Protein chains: 2
Amino acid sequence: MATLQDVALTAGVSKTTVSRYLNKSIELPATTVARIDAAVAKHEYRPNLLARRFSTGKTEAIGLVIPEIREPFFAELASAVEDEADRHGYTIFISSTRSDRNRELAALDRLHDHHVDGLIMLTNTADNGTLARAIVKRKNLVLLDEDVPGVRVPKIFVENEEGAHCATRHLIDAGHRRIGFLGGPQGLMSSTERYVGFEHAMKAAGLEIDANLVRRGSFSPEFARNAVSDFVAMPRPPTGLFASSDYLAIGALLGLRQAGIELPGQMSFISFDDTPLGALLTPAITAIRQPIEALGRLGFQTLYALMNRKPVVPLTRLPVELIERQSVTKPRTRGKLI
Amino acid sequence: MATLQDVALTAGVSKTTVSRYLNKSIELPATTVARIDAAVAKHEYRPNLLARRFSTGKTEAIGLVIPEIREPFFAELASAVEDEADRHGYTIFISSTRSDRNRELAALDRLHDHHVDGLIMLTNTADNGTLARAIVKRKNLVLLDEDVPGVRVPKIFVENEEGAHCATRHLIDAGHRRIGFLGGPQGLMSSTERYVGFEHAMKAAGLEIDANLVRRGSFSPEFARNAVSDFVAMPRPPTGLFASSDYLAIGALLGLRQAGIELPGQMSFISFDDTPLGALLTPAITAIRQPIEALGRLGFQTLYALMNRKPVVPLTRLPVELIERQSVTKPRTRGKLI
DNA sequence: CTCGGTTAGTAAACCGGTTTACACGTGCAA
DNA sequence: TTGCACGTGTAAACCGGTTTACTAACCGAG
């Protein structure tokens, strides 16, 4: 591998000159430029990235910390972040933490160790303060989609409450009165906000919330499956169901299929996220779409601004959107029950 | 940030000693060890990774080059590779190439530039020689799942032909005689092998292959959708369909739904890959399962051996497995047609 | 007492860029 | 003729580890 020194010797200049020319921090007369260009070409010179990074202290890489790359929501997000990063000359490291706090902390350490210049973090387990304490010691960190309370870093979330309100309202408008709710873990901002949206929509419509039809506590499909099994075994099952994430929806749909419940005839169903899966199912699932692409791009742009010491918006809320498909209809039993 | 020098001064030794002690390349008496440990703790010393990498010329990172992280097959693979890499102290860069040859070449350049120590590559576009020429110039590269002809690097593939044979045989055993085949791009080893498996199974059963029921050329869902639309419009449509990848299956299923074809009653269906999606659909899709986890782990292990100049198996074929679900039954029209 | 071997280290080179501070020559104005 | 600005560069420090080659001190054996 040719070094800067080799190029400099061939071009008859010093390596300082070559370095500064290649980094555009110097203007040179055409003849010198030509000599350097020729020398670079002759040696097929490519700068040694390890040396450059050591010298500048920059890695031109960022980390993306997500719970699980296999889940389509996070894979979509990773794709968007990667694309935007690539556009700015950055590469990304993806850490799948499997919702493991220690792996999240390890990712923060890698930031500290100059492994990466910045971090985009997306957690989905409630913090007892451990994560927050680790985060406040770090710079160049952006939180996406889920909050970590008590840290002052740029945050980009979606309109969870409004989305949940809209979803619930959609079921109500279709004529549903008994509506089940599947929520994520307690202590997570997005979980809470989605529940609040559900609650407000129900209250605004003058409907009681039946506590037996509300299940909160986990994002796992298993959790949703069990909850749904309970729902359909009730004397008066709900006619509509709102799963507050697609991952919950998977479990819920398996539970409904197992119980032989037909969608949307016997049960209307709406979800939150709108990953591509939903469109392929029968019936195609009506859902609140999170702007994953925008989340990823804005996430990188914000981190980029942060790394370059540009001013940054402390909190952004991105809008969500109702995507109507085929899983919500009028309740079949409406005439009988009301 | 404390440096090795700071620690050395505090411990009253030279930085050589601290470095060698921390890297376990020296044995020291207990008292000295204690002094160094205390100094490390006092300074909260963490080695500067950029300096270490520059010094050793190793990045302790590898690249994973795949067509698209959003596709579940590749996301699963990435997850397996990442896990195995993590276990060996390596981190991974993921490059989604979007099947773009230039992005594949760029990833190879990053290997050259010391961006990563090694590369696991998985391509899905036929090579005209460009990729092969770029690959032969590189070291520490492993090919996964798809061949690039003419390069001598370790390769790990699955039993494509056997899998396709098994899938076709499964339809034949269920009583199907008119079987449609959806294949990937021409010029790809996996495409060809899967077609050959189909062909052999048909011949072995004494069945003619109707050229109108064979469509090869792309892995895109759109392609499959169009092919299926043509199939169902034929006077005598096939009763069974073999999609040689899950991504094709998605398009095929959309096409079948659009045409109002009921599965498995009107059409038996089998796919190749068995990503988690298939289990969630109605009916759940019978498929040939690729050993994604094993592919990823063995891929990393092979690269690891390669990077450490250990002997490496030049070609490995991993077995596939038939996962029976609900999308294959006896042909409904069997009595009438035969 | 001297030689050889072991223990416990160390000085300095090295990796290949980037960056700071400065030098030299030339032309133009005062 | 001096002085200054400007164009065209350069020498050397610097980043923080790793690694090579070496040494001083001490112990035991001959």
# chains A, B, ... in the order shown; residues from 1 in each chain; ligands from 1
>>> calpha_fit_and_write(fixed="chain A", moving="chain B", output="JSON list (two decimals) with C-alpha atoms, in the first residue's frame")
[["chain", "number", "residue", "atom", "x", "y", "z"],
["B", 1, "MET", "CA", 0.07, 0.02, 0.01],
["B", 2, "ALA", "CA", 1.40, 3.40, -1.01],
["B", 3, "THR", "CA", 1.59, 6.08, 1.65],
["B", 4, "LEU", "CA", 1.37, 9.81, 1.52],
["B", 5, "GLN", "CA", 5.14, 9.89, 1.67],
["B", 6, "ASP", "CA", 5.46, 7.79, -1.48],
["B", 7, "VAL", "CA", 3.14, 10.10, -3.34],
["B", 8, "ALA", "CA", 4.97, 13.16, -2.06],
["B", 9, "LEU", "CA", 8.35, 11.85, -3.19],
["B", 10, "THR", "CA", 7.06, 10.98, -6.64],
["B", 11, "ALA", "CA", 5.40, 14.36, -7.00],
["B", 12, "GLY", "CA", 8.47, 16.15, -5.69],
["B", 13, "VAL", "CA", 6.65, 17.90, -2.87],
["B", 14, "SER", "CA", 6.26, 17.37, 0.85],
["B", 15, "LYS", "CA", 3.62, 15.13, 2.32],
["B", 16, "THR", "CA", 2.11, 18.14, 4.02],
["B", 17, "THR", "CA", 1.39, 19.58, 0.62],
["B", 18, "VAL", "CA", -0.17, 16.40, -0.67],
["B", 19, "SER", "CA", -2.30, 16.03, 2.45],
["B", 20, "ARG", "CA", -3.50, 19.59, 2.35],
["B", 21, "TYR", "CA", -4.17, 19.43, -1.35],
["B", 22, "LEU", "CA", -6.19, 16.24, -1.04],
["B", 23, "ASN", "CA", -8.17, 17.73, 1.82],
["B", 24, "LYS", "CA", -8.69, 20.94, -0.12],
["B", 25, "SER", "CA", -7.11, 23.06, 2.56],
["B", 26, "ILE", "CA", -4.62, 24.59, 0.13],
["B", 27, "GLU", "CA", -4.70, 26.07, -3.37],
["B", 28, "LEU", "CA", -1.91, 25.06, -5.69],
["B", 29, "PRO", "CA", -0.84, 26.08, -9.20],
["B", 30, "ALA", "CA", -1.95, 23.83, -12.04],
["B", 31, "THR", "CA", 1.47, 22.31, -12.66],
["B", 32, "THR", "CA", 1.85, 21.14, -9.07],
["B", 33, "VAL", "CA", -1.70, 19.82, -9.04],
["B", 34, "ALA", "CA", -0.92, 17.83, -12.15],
["B", 35, "ARG", "CA", 2.20, 16.33, -10.62],
["B", 36, "ILE", "CA", 0.37, 15.32, -7.47],
["B", 37, "ASP", "CA", -2.58, 13.90, -9.39],
["B", 38, "ALA", "CA", -0.21, 11.88, -11.53],
["B", 39, "ALA", "CA", 1.61, 10.56, -8.48],
["B", 40, "VAL", "CA", -1.65, 9.63, -6.78],
["B", 41, "ALA", "CA", -2.77, 7.79, -9.90],
["B", 42, "LYS", "CA", 0.57, 6.06, -10.37],
["B", 43, "HIS", "CA", 0.60, 4.69, -6.83],
["B", 44, "GLU", "CA", -3.14, 4.08, -6.78],
["B", 45, "TYR", "CA", -2.93, 5.91, -3.51],
["B", 46, "ARG", "CA", -5.76, 5.60, -1.03],
["B", 47, "PRO", "CA", -5.42, 7.17, 2.38],
["B", 48, "ASN", "CA", -5.15, 4.76, 5.26],
["B", 49, "LEU", "CA", -8.40, 5.27, 7.11],
["B", 50, "LEU", "CA", -7.00, 4.01, 10.38],
["B", 51, "ALA", "CA", -4.26, 6.61, 10.30],
["B", 52, "ARG", "CA", -6.65, 9.35, 9.29],
["B", 53, "ARG", "CA", -9.08, 8.50, 12.05],
["B", 54, "PHE", "CA", -6.36, 8.33, 14.63],
["B", 55, "SER", "CA", -5.04, 11.66, 13.51],
["B", 56, "THR", "CA", -8.35, 13.46, 13.41],
["B", 57, "GLY", "CA", -10.02, 11.60, 16.24],
["B", 58, "LYS", "CA", -13.08, 11.14, 14.06],
["B", 59, "THR", "CA", -14.37, 7.79, 12.90],
["B", 60, "GLU", "CA", -16.96, 9.04, 10.42],
["B", 61, "ALA", "CA", -19.18, 6.31, 11.76],
["B", 62, "ILE", "CA", -22.19, 6.38, 14.01],
["B", 63, "GLY", "CA", -23.92, 3.73, 16.05],
["B", 64, "LEU", "CA", -27.55, 2.79, 15.80],
["B", 65, "VAL", "CA", -28.83, 1.09, 18.93],
["B", 66, "ILE", "CA", -32.10, -0.79, 18.50],
["B", 67, "PRO", "CA", -33.74, -3.66, 20.33],
["B", 68, "GLU", "CA", -33.81, -6.17, 17.49],
["B", 69, "ILE", "CA", -32.83, -5.89, 13.85],
["B", 70, "ARG", "CA", -35.11, -8.80, 12.96],
["B", 71, "GLU", "CA", -38.22, -6.84, 13.76],
["B", 72, "PRO", "CA", -39.40, -5.14, 10.61],
["B", 73, "PHE", "CA", -40.00, -1.81, 12.31],
["B", 74, "PHE", "CA", -36.37, -1.55, 13.36],
["B", 75, "ALA", "CA", -35.07, -2.97, 10.10],
["B", 76, "GLU", "CA", -36.95, -0.26, 8.21],
["B", 77, "LEU", "CA", -35.57, 2.33, 10.54],
["B", 78, "ALA", "CA", -32.04, 1.02, 10.14],
["B", 79, "SER", "CA", -32.43, 1.17, 6.41],
["B", 80, "ALA", "CA", -33.50, 4.81, 6.51],
["B", 81, "VAL", "CA", -30.73, 5.82, 8.87],
["B", 82, "GLU", "CA", -28.14, 3.99, 6.82],
["B", 83, "ASP", "CA", -29.26, 5.67, 3.65],
["B", 84, "GLU", "CA", -29.16, 9.13, 5.14],
["B", 85, "ALA", "CA", -25.80, 8.47, 6.79],
["B", 86, "ASP", "CA", -24.35, 7.17, 3.56],
["B", 87, "ARG", "CA", -25.41, 10.38, 1.88],
["B", 88, "HIS", "CA", -23.30, 12.31, 4.39],
["B", 89, "GLY", "CA", -20.30, 10.02, 4.09],
["B", 90, "TYR", "CA", -20.96, 8.22, 7.33],
["B", 91, "THR", "CA", -21.26, 4.52, 7.91],
["B", 92, "ILE", "CA", -23.29, 2.98, 10.67],
["B", 93, "PHE", "CA", -22.82, 0.28, 13.25],
["B", 94, "ILE", "CA", -26.02, -1.44, 14.24],
["B", 95, "SER", "CA", -26.33, -2.87, 17.74],
["B", 96, "SER", "CA", -29.24, -5.18, 18.41],
["B", 97, "THR", "CA", -29.60, -5.08, 22.16],
["B", 98, "ARG", "CA", -32.40, -7.61, 22.49],
["B", 99, "SER", "CA", -33.80, -5.19, 25.02],
["B", 100, "ASP", "CA", -30.85, -5.98, 27.24],
["B", 101, "ARG", "CA", -29.80, -3.00, 29.34],
["B", 102, "ASN", "CA", -26.21, -4.20, 29.50],
["B", 103, "ARG", "CA", -25.97, -4.26, 25.75],
["B", 104, "GLU", "CA", -27.34, -0.74, 25.66],
["B", 105, "LEU", "CA", -24.71, 0.37, 28.13],
["B", 106, "ALA", "CA", -22.03, -1.40, 26.12],
["B", 107, "ALA", "CA", -23.09, 0.57, 23.08],
["B", 108, "LEU", "CA", -22.68, 3.78, 25.06],
["B", 109, "ASP", "CA", -19.21, 2.67, 26.03],
["B", 110, "ARG", "CA", -18.31, 2.22, 22.42],
["B", 111, "LEU", "CA", -19.18, 5.85, 21.89],
["B", 112, "HIS", "CA", -16.88, 6.75, 24.73],
["B", 113, "ASP", "CA", -14.06, 4.65, 23.29],
["B", 114, "HIS", "CA", -14.08, 6.51, 19.99],
["B", 115, "HIS", "CA", -15.64, 3.56, 18.32],
["B", 116, "VAL", "CA", -18.19, 5.92, 16.80],
["B", 117, "ASP", "CA", -18.68, 9.68, 16.64],
["B", 118, "GLY", "CA", -22.29, 9.62, 17.67],
["B", 119, "LEU", "CA", -25.19, 7.44, 18.60],
["B", 120, "ILE", "CA", -28.82, 7.13, 17.67],
["B", 121, "MET", "CA", -30.60, 5.23, 20.36],
["B", 122, "LEU", "CA", -33.94, 3.58, 20.51],
["B", 123, "THR", "CA", -34.80, 1.68, 23.64],
["B", 124, "ASN", "CA", -37.95, -0.18, 24.56],
["B", 125, "THR", "CA", -37.43, -1.09, 28.17],
["B", 126, "ALA", "CA", -38.32, 1.23, 31.01],
["B", 127, "ASP", "CA", -35.33, 2.86, 32.66],
["B", 128, "ASN", "CA", -34.75, 2.83, 36.40],
["B", 129, "GLY", "CA", -32.15, 5.57, 36.08],
["B", 130, "THR", "CA", -29.20, 3.40, 35.03],
["B", 131, "LEU", "CA", -29.51, 4.27, 31.39],
["B", 132, "ALA", "CA", -30.13, 7.94, 32.11],
["B", 133, "ARG", "CA", -27.00, 8.15, 34.24],
["B", 134, "ALA", "CA", -24.93, 6.58, 31.49],
["B", 135, "ILE", "CA", -26.39, 8.85, 28.84],
["B", 136, "VAL", "CA", -25.78, 12.16, 30.58],
["B", 137, "LYS", "CA", -22.06, 11.42, 30.54],
["B", 138, "ARG", "CA", -22.05, 11.14, 26.76],
["B", 139, "LYS", "CA", -22.17, 13.62, 23.93],
["B", 140, "ASN", "CA", -23.53, 13.31, 20.43],
["B", 141, "LEU", "CA", -26.51, 11.20, 21.24],
["B", 142, "VAL", "CA", -30.03, 11.36, 19.85],
["B", 143, "LEU", "CA", -33.03, 9.53, 21.23],
["B", 144, "LEU", "CA", -35.58, 8.19, 18.80],
["B", 145, "ASP", "CA", -39.15, 7.02, 19.23],
["B", 146, "GLU", "CA", -38.93, 6.31, 22.96],
["B", 147, "ASP", "CA", -37.98, 8.57, 25.83],
["B", 148, "VAL", "CA", -35.41, 8.08, 28.53],
["B", 149, "PRO", "CA", -36.63, 10.43, 31.24],
["B", 150, "GLY", "CA", -34.27, 12.89, 32.80],
["B", 151, "VAL", "CA", -31.71, 13.29, 30.05],
["B", 152, "ARG", "CA", -31.26, 16.41, 27.99],
["B", 153, "VAL", "CA", -30.42, 15.19, 24.52],
["B", 154, "PRO", "CA", -32.29, 15.83, 21.29],
["B", 155, "LYS", "CA", -35.39, 13.65, 21.09],
["B", 156, "ILE", "CA", -37.54, 12.72, 18.14],
["B", 157, "PHE", "CA", -40.83, 11.02, 18.86],
["B", 158, "VAL", "CA", -44.09, 10.45, 17.05],
["B", 159, "GLU", "CA", -47.56, 11.65, 17.98],
["B", 160, "ASN", "CA", -48.39, 8.59, 20.03],
["B", 161, "GLU", "CA", -51.37, 10.03, 21.82],
["B", 162, "GLU", "CA", -52.91, 11.48, 18.71],
["B", 163, "GLY", "CA", -52.34, 8.23, 16.82],
["B", 164, "ALA", "CA", -53.97, 6.13, 19.49],
["B", 165, "HIS", "CA", -56.81, 8.59, 19.72],
["B", 166, "CYS", "CA", -57.31, 8.37, 15.98],
["B", 167, "ALA", "CA", -57.21, 4.56, 15.99],
["B", 168, "THR", "CA", -59.73, 4.31, 18.79],
["B", 169, "ARG", "CA", -61.91, 6.91, 17.18],
["B", 170, "HIS", "CA", -61.83, 4.91, 13.95],
["B", 171, "LEU", "CA", -63.26, 1.87, 15.74],
["B", 172, "ILE", "CA", -65.85, 4.00, 17.51],
["B", 173, "ASP", "CA", -66.89, 5.65, 14.25],
["B", 174, "ALA", "CA", -67.41, 2.21, 12.75],
["B", 175, "GLY", "CA", -69.91, 1.55, 15.51],
["B", 176, "HIS", "CA", -67.87, -0.31, 18.10],
["B", 177, "ARG", "CA", -68.62, 0.22, 21.78],
["B", 178, "ARG", "CA", -66.73, -2.60, 23.48],
["B", 179, "ILE", "CA", -63.11, -2.07, 22.49],
["B", 180, "GLY", "CA", -60.12, -4.01, 23.74],
["B", 181, "PHE", "CA", -56.74, -2.39, 24.23],
["B", 182, "LEU", "CA", -53.34, -4.08, 24.08],
["B", 183, "GLY", "CA", -50.54, -1.91, 25.43],
["B", 184, "GLY", "CA", -46.81, -2.15, 25.87],
["B", 185, "PRO", "CA", -44.74, -2.19, 29.06],
["B", 186, "GLN", "CA", -45.58, 0.14, 31.94],
["B", 187, "GLY", "CA", -43.20, 3.01, 32.39],
["B", 188, "LEU", "CA", -42.56, 3.60, 28.72],
["B", 189, "MET", "CA", -43.57, 6.95, 27.38],
["B", 190, "SER", "CA", -44.95, 5.57, 24.13],
["B", 191, "SER", "CA", -47.03, 2.99, 26.00],
["B", 192, "THR", "CA", -48.47, 5.56, 28.31],
["B", 193, "GLU", "CA", -49.20, 8.06, 25.59],
["B", 194, "ARG", "CA", -50.94, 5.47, 23.47],
["B", 195, "TYR", "CA", -53.06, 4.42, 26.37],
["B", 196, "VAL", "CA", -53.94, 8.03, 27.13],
["B", 197, "GLY", "CA", -54.98, 8.50, 23.50],
["B", 198, "PHE", "CA", -57.22, 5.47, 23.78],
["B", 199, "GLU", "CA", -58.68, 6.70, 27.06],
["B", 200, "HIS", "CA", -59.42, 10.18, 25.78],
["B", 201, "ALA", "CA", -61.07, 8.92, 22.63],
["B", 202, "MET", "CA", -63.31, 6.63, 24.66],
["B", 203, "LYS", "CA", -64.22, 9.38, 27.11],
["B", 204, "ALA", "CA", -64.83, 11.86, 24.34],
["B", 205, "ALA", "CA", -67.32, 9.43, 22.85],
["B", 206, "GLY", "CA", -68.99, 8.97, 26.22],
["B", 207, "LEU", "CA", -67.88, 5.35, 26.48],
["B", 208, "GLU", "CA", -66.86, 3.51, 29.62],
["B", 209, "ILE", "CA", -63.53, 1.72, 29.61],
["B", 210, "ASP", "CA", -63.98, -1.85, 30.79],
["B", 211, "ALA", "CA", -60.84, -2.61, 32.80],
["B", 212, "ASN", "CA", -61.10, -6.25, 31.78],
["B", 213, "LEU", "CA", -60.57, -5.23, 28.18],
["B", 214, "VAL", "CA", -57.35, -3.36, 28.86],
["B", 215, "ARG", "CA", -54.10, -5.32, 28.97],
["B", 216, "ARG", "CA", -50.83, -3.53, 29.34],
["B", 217, "GLY", "CA", -47.40, -4.80, 30.25],
["B", 218, "SER", "CA", -45.32, -6.08, 27.35],
["B", 219, "PHE", "CA", -44.56, -5.75, 23.65],
["B", 220, "SER", "CA", -44.25, -9.50, 23.18],
["B", 221, "PRO", "CA", -46.57, -11.37, 20.83],
["B", 222, "GLU", "CA", -47.04, -14.00, 23.53],
["B", 223, "PHE", "CA", -48.47, -11.42, 25.86],
["B", 224, "ALA", "CA", -50.93, -10.28, 23.23],
["B", 225, "ARG", "CA", -51.88, -13.81, 22.36],
["B", 226, "ASN", "CA", -52.75, -14.63, 25.94],
["B", 227, "ALA", "CA", -54.70, -11.43, 26.39],
["B", 228, "VAL", "CA", -56.72, -12.11, 23.28],
["B", 229, "SER", "CA", -57.46, -15.66, 24.37],
["B", 230, "ASP", "CA", -58.91, -14.21, 27.56],
["B", 231, "PHE", "CA", -60.91, -11.61, 25.65],
["B", 232, "VAL", "CA", -62.63, -14.10, 23.36],
["B", 233, "ALA", "CA", -63.46, -16.38, 26.27],
["B", 234, "MET", "CA", -65.45, -13.62, 27.99],
["B", 235, "PRO", "CA", -69.23, -13.74, 28.01],
["B", 236, "ARG", "CA", -69.33, -10.46, 26.12],
["B", 237, "PRO", "CA", -66.11, -10.24, 24.11],
["B", 238, "PRO", "CA", -65.05, -6.94, 22.60],
["B", 239, "THR", "CA", -66.08, -6.30, 18.99],
["B", 240, "GLY", "CA", -63.06, -4.19, 18.25],
["B", 241, "LEU", "CA", -59.43, -4.49, 19.25],
["B", 242, "PHE", "CA", -56.62, -1.94, 19.22],
["B", 243, "ALA", "CA", -53.11, -3.37, 19.40],
["B", 244, "SER", "CA", -50.74, -0.55, 20.17],
["B", 245, "SER", "CA", -47.86, -2.03, 18.13],
["B", 246, "ASP", "CA", -47.48, -4.36, 15.17],
["B", 247, "TYR", "CA", -45.47, -6.76, 17.24],
["B", 248, "LEU", "CA", -48.39, -7.08, 19.63],
["B", 249, "ALA", "CA", -50.64, -7.39, 16.60],
["B", 250, "ILE", "CA", -48.81, -10.50, 15.44],
["B", 251, "GLY", "CA", -49.58, -12.25, 18.71],
["B", 252, "ALA", "CA", -53.13, -10.97, 18.77],
["B", 253, "LEU", "CA", -53.81, -12.23, 15.27],
["B", 254, "LEU", "CA", -52.40, -15.65, 16.11],
["B", 255, "GLY", "CA", -54.63, -15.75, 19.18],
["B", 256, "LEU", "CA", -57.67, -14.77, 17.15],
["B", 257, "ARG", "CA", -56.95, -17.37, 14.52],
["B", 258, "GLN", "CA", -56.46, -20.02, 17.15],
["B", 259, "ALA", "CA", -59.83, -19.13, 18.62],
["B", 260, "GLY", "CA", -61.43, -19.32, 15.21],
["B", 261, "ILE", "CA", -62.46, -15.67, 15.25],
["B", 262, "GLU", "CA", -63.03, -14.30, 11.80],
["B", 263, "LEU", "CA", -61.71, -10.86, 10.86],
["B", 264, "PRO", "CA", -63.23, -8.39, 10.39],
["B", 265, "GLY", "CA", -66.67, -10.04, 10.73],
["B", 266, "GLN", "CA", -66.40, -11.11, 14.33],
["B", 267, "MET", "CA", -63.70, -8.73, 15.38],
["B", 268, "SER", "CA", -62.49, -5.46, 13.97],
["B", 269, "PHE", "CA", -58.81, -4.90, 14.41],
["B", 270, "ILE", "CA", -56.49, -1.93, 14.23],
["B", 271, "SER", "CA", -52.79, -1.74, 14.93],
["B", 272, "PHE", "CA", -50.01, 0.80, 15.42],
["B", 273, "ASP", "CA", -46.78, 1.04, 13.35],
["B", 274, "ASP", "CA", -47.90, -0.24, 9.96],
["B", 275, "THR", "CA", -44.89, -2.28, 9.00],
["B", 276, "PRO", "CA", -45.21, -3.90, 5.55],
["B", 277, "LEU", "CA", -46.43, -7.18, 6.99],
["B", 278, "GLY", "CA", -49.89, -5.83, 7.73],
["B", 279, "ALA", "CA", -50.67, -5.20, 4.09],
["B", 280, "LEU", "CA", -50.02, -8.83, 3.21],
["B", 281, "LEU", "CA", -52.27, -10.41, 5.75],
["B", 282, "THR", "CA", -55.87, -11.45, 5.12],
["B", 283, "PRO", "CA", -57.63, -9.23, 5.81],
["B", 284, "ALA", "CA", -55.08, -6.48, 5.30],
["B", 285, "ILE", "CA", -54.69, -4.69, 8.60],
["B", 286, "THR", "CA", -55.84, -1.13, 9.14],
["B", 287, "ALA", "CA", -53.18, 0.65, 11.15],
["B", 288, "ILE", "CA", -51.69, 3.89, 12.35],
["B", 289, "ARG", "CA", -48.55, 4.41, 10.33],
["B", 290, "GLN", "CA", -45.43, 5.64, 12.04],
["B", 291, "PRO", "CA", -43.25, 7.75, 9.74],
["B", 292, "ILE", "CA", -40.30, 5.37, 9.97],
["B", 293, "GLU", "CA", -38.44, 6.81, 7.02],
["B", 294, "ALA", "CA", -38.75, 10.36, 8.34],
["B", 295, "LEU", "CA", -37.82, 9.22, 11.82],
["B", 296, "GLY", "CA", -34.60, 7.67, 10.55],
["B", 297, "ARG", "CA", -33.62, 10.53, 8.29],
["B", 298, "LEU", "CA", -34.37, 13.24, 10.80],
["B", 299, "GLY", "CA", -32.62, 11.19, 13.43],
["B", 300, "PHE", "CA", -29.42, 11.19, 11.45],
["B", 301, "GLN", "CA", -29.72, 14.81, 10.42],
["B", 302, "THR", "CA", -30.17, 15.83, 14.02],
["B", 303, "LEU", "CA", -27.15, 13.81, 15.10],
["B", 304, "TYR", "CA", -25.15, 15.28, 12.25],
["B", 305, "ALA", "CA", -26.03, 18.79, 13.36],
["B", 306, "LEU", "CA", -25.13, 17.87, 16.93],
["B", 307, "MET", "CA", -21.74, 16.48, 15.93],
["B", 308, "ASN", "CA", -21.01, 19.66, 14.02],
["B", 309, "ARG", "CA", -22.06, 21.84, 16.92],
["B", 310, "LYS", "CA", -24.98, 23.30, 15.06],
["B", 311, "PRO", "CA", -28.15, 24.27, 16.90],
["B", 312, "VAL", "CA", -30.59, 21.42, 17.34],
["B", 313, "VAL", "CA", -34.29, 21.21, 18.13],
["B", 314, "PRO", "CA", -34.56, 19.57, 21.56],
["B", 315, "LEU", "CA", -37.84, 17.78, 20.88],
["B", 316, "THR", "CA", -39.61, 16.94, 17.66],
["B", 317, "ARG", "CA", -42.93, 15.17, 17.28],
["B", 318, "LEU", "CA", -43.61, 13.57, 13.92],
["B", 319, "PRO", "CA", -47.19, 13.09, 12.75],
["B", 320, "VAL", "CA", -48.73, 9.67, 12.27],
["B", 321, "GLU", "CA", -51.32, 8.66, 9.72],
["B", 322, "LEU", "CA", -54.32, 6.34, 9.58],
["B", 323, "ILE", "CA", -54.00, 3.76, 6.83],
["B", 324, "GLU", "CA", -57.39, 2.22, 6.16],
["B", 325, "ARG", "CA", -57.38, -1.35, 4.95],
["B", 326, "GLN", "CA", -59.81, -4.19, 5.49],
["B", 327, "SER", "CA", -59.66, -5.15, 9.13],
["B", 328, "VAL", "CA", -62.21, -2.68, 10.47],
["B", 329, "THR", "CA", -65.94, -2.88, 9.68],
["B", 330, "LYS", "CA", -69.21, -2.33, 11.48],
["B", 331, "PRO", "CA", -69.68, -4.71, 14.40],
["B", 332, "ARG", "CA", -71.79, -7.66, 13.25],
["B", 333, "THR", "CA", -73.61, -7.94, 16.53],
["B", 334, "ARG", "CA", -74.43, -4.31, 16.70],
["B", 335, "GLY", "CA", -78.18, -4.65, 16.17],
["B", 336, "LYS", "CA", -78.49, -7.23, 18.87],
["B", 337, "LEU", "CA", -76.40, -5.60, 21.54],
["B", 338, "ILE", "CA", -77.49, -2.02, 21.43]]
>>> select_by_dssp(residues="stretch 84-221 of chain A", states="strand (DSSP E)", output="list in words")
Thr91, Ile92, Phe93, Ile94, Ser95, Ser96, Gly118, Leu119, Ile120, Met121, Leu141, Val142, Leu143, Leu144, Lys155, Ile156, Phe157, Val158, Ile179, Gly180, Phe181, Leu182, Gly183, Val214, Arg215 and Arg216 of chain A
>>> atom_distance(atom1="atom C1' of D:DC14", atom2="atom C1' of C:DC24")
25.2 Å
>>> closest_atom_pairs(of="chain C", to="chain A", cutoff="6 Å", atoms="only C-alpha atoms (C1' of nucleotides)", output="tab-separated table")
residue	atom	partner	partner_atom	distance
C:DG16	C1'	A:Ala51	CA	5.1
C:DG17	C1'	A:Arg52	CA	4.9
C:DT18	C1'	A:Ser55	CA	5.9
>>> write_last_selection(atoms="C-alpha atoms (C1' of nucleotides)", output="mmCIF file, in the first residue's frame")
data_model
loop_
_atom_site.group_PDB
_atom_site.id
_atom_site.type_symbol
_atom_site.label_atom_id
_atom_site.label_comp_id
_atom_site.auth_asym_id
_atom_site.auth_seq_id
_atom_site.Cartn_x
_atom_site.Cartn_y
_atom_site.Cartn_z
ATOM 1 C "C1'" DG C 16 0.449 7.275 8.451
ATOM 2 C "C1'" DG C 17 -1.993 10.595 8.437
ATOM 3 C "C1'" DT C 18 -3.192 16.047 10.036
#
>>> closest_atom_pairs(of="chain D", to="chain B", cutoff="9 Å", atoms="only C-alpha atoms (C1' of nucleotides)", output="tab-separated table")
residue	atom	partner	partner_atom	distance
D:DC15	C1'	B:Ala51	CA	7.5
D:DG16	C1'	B:Ala51	CA	5.1
D:DG17	C1'	B:Arg52	CA	4.9
D:DT18	C1'	B:Ser55	CA	5.9
D:DT19	C1'	B:Thr16	CA	8.9
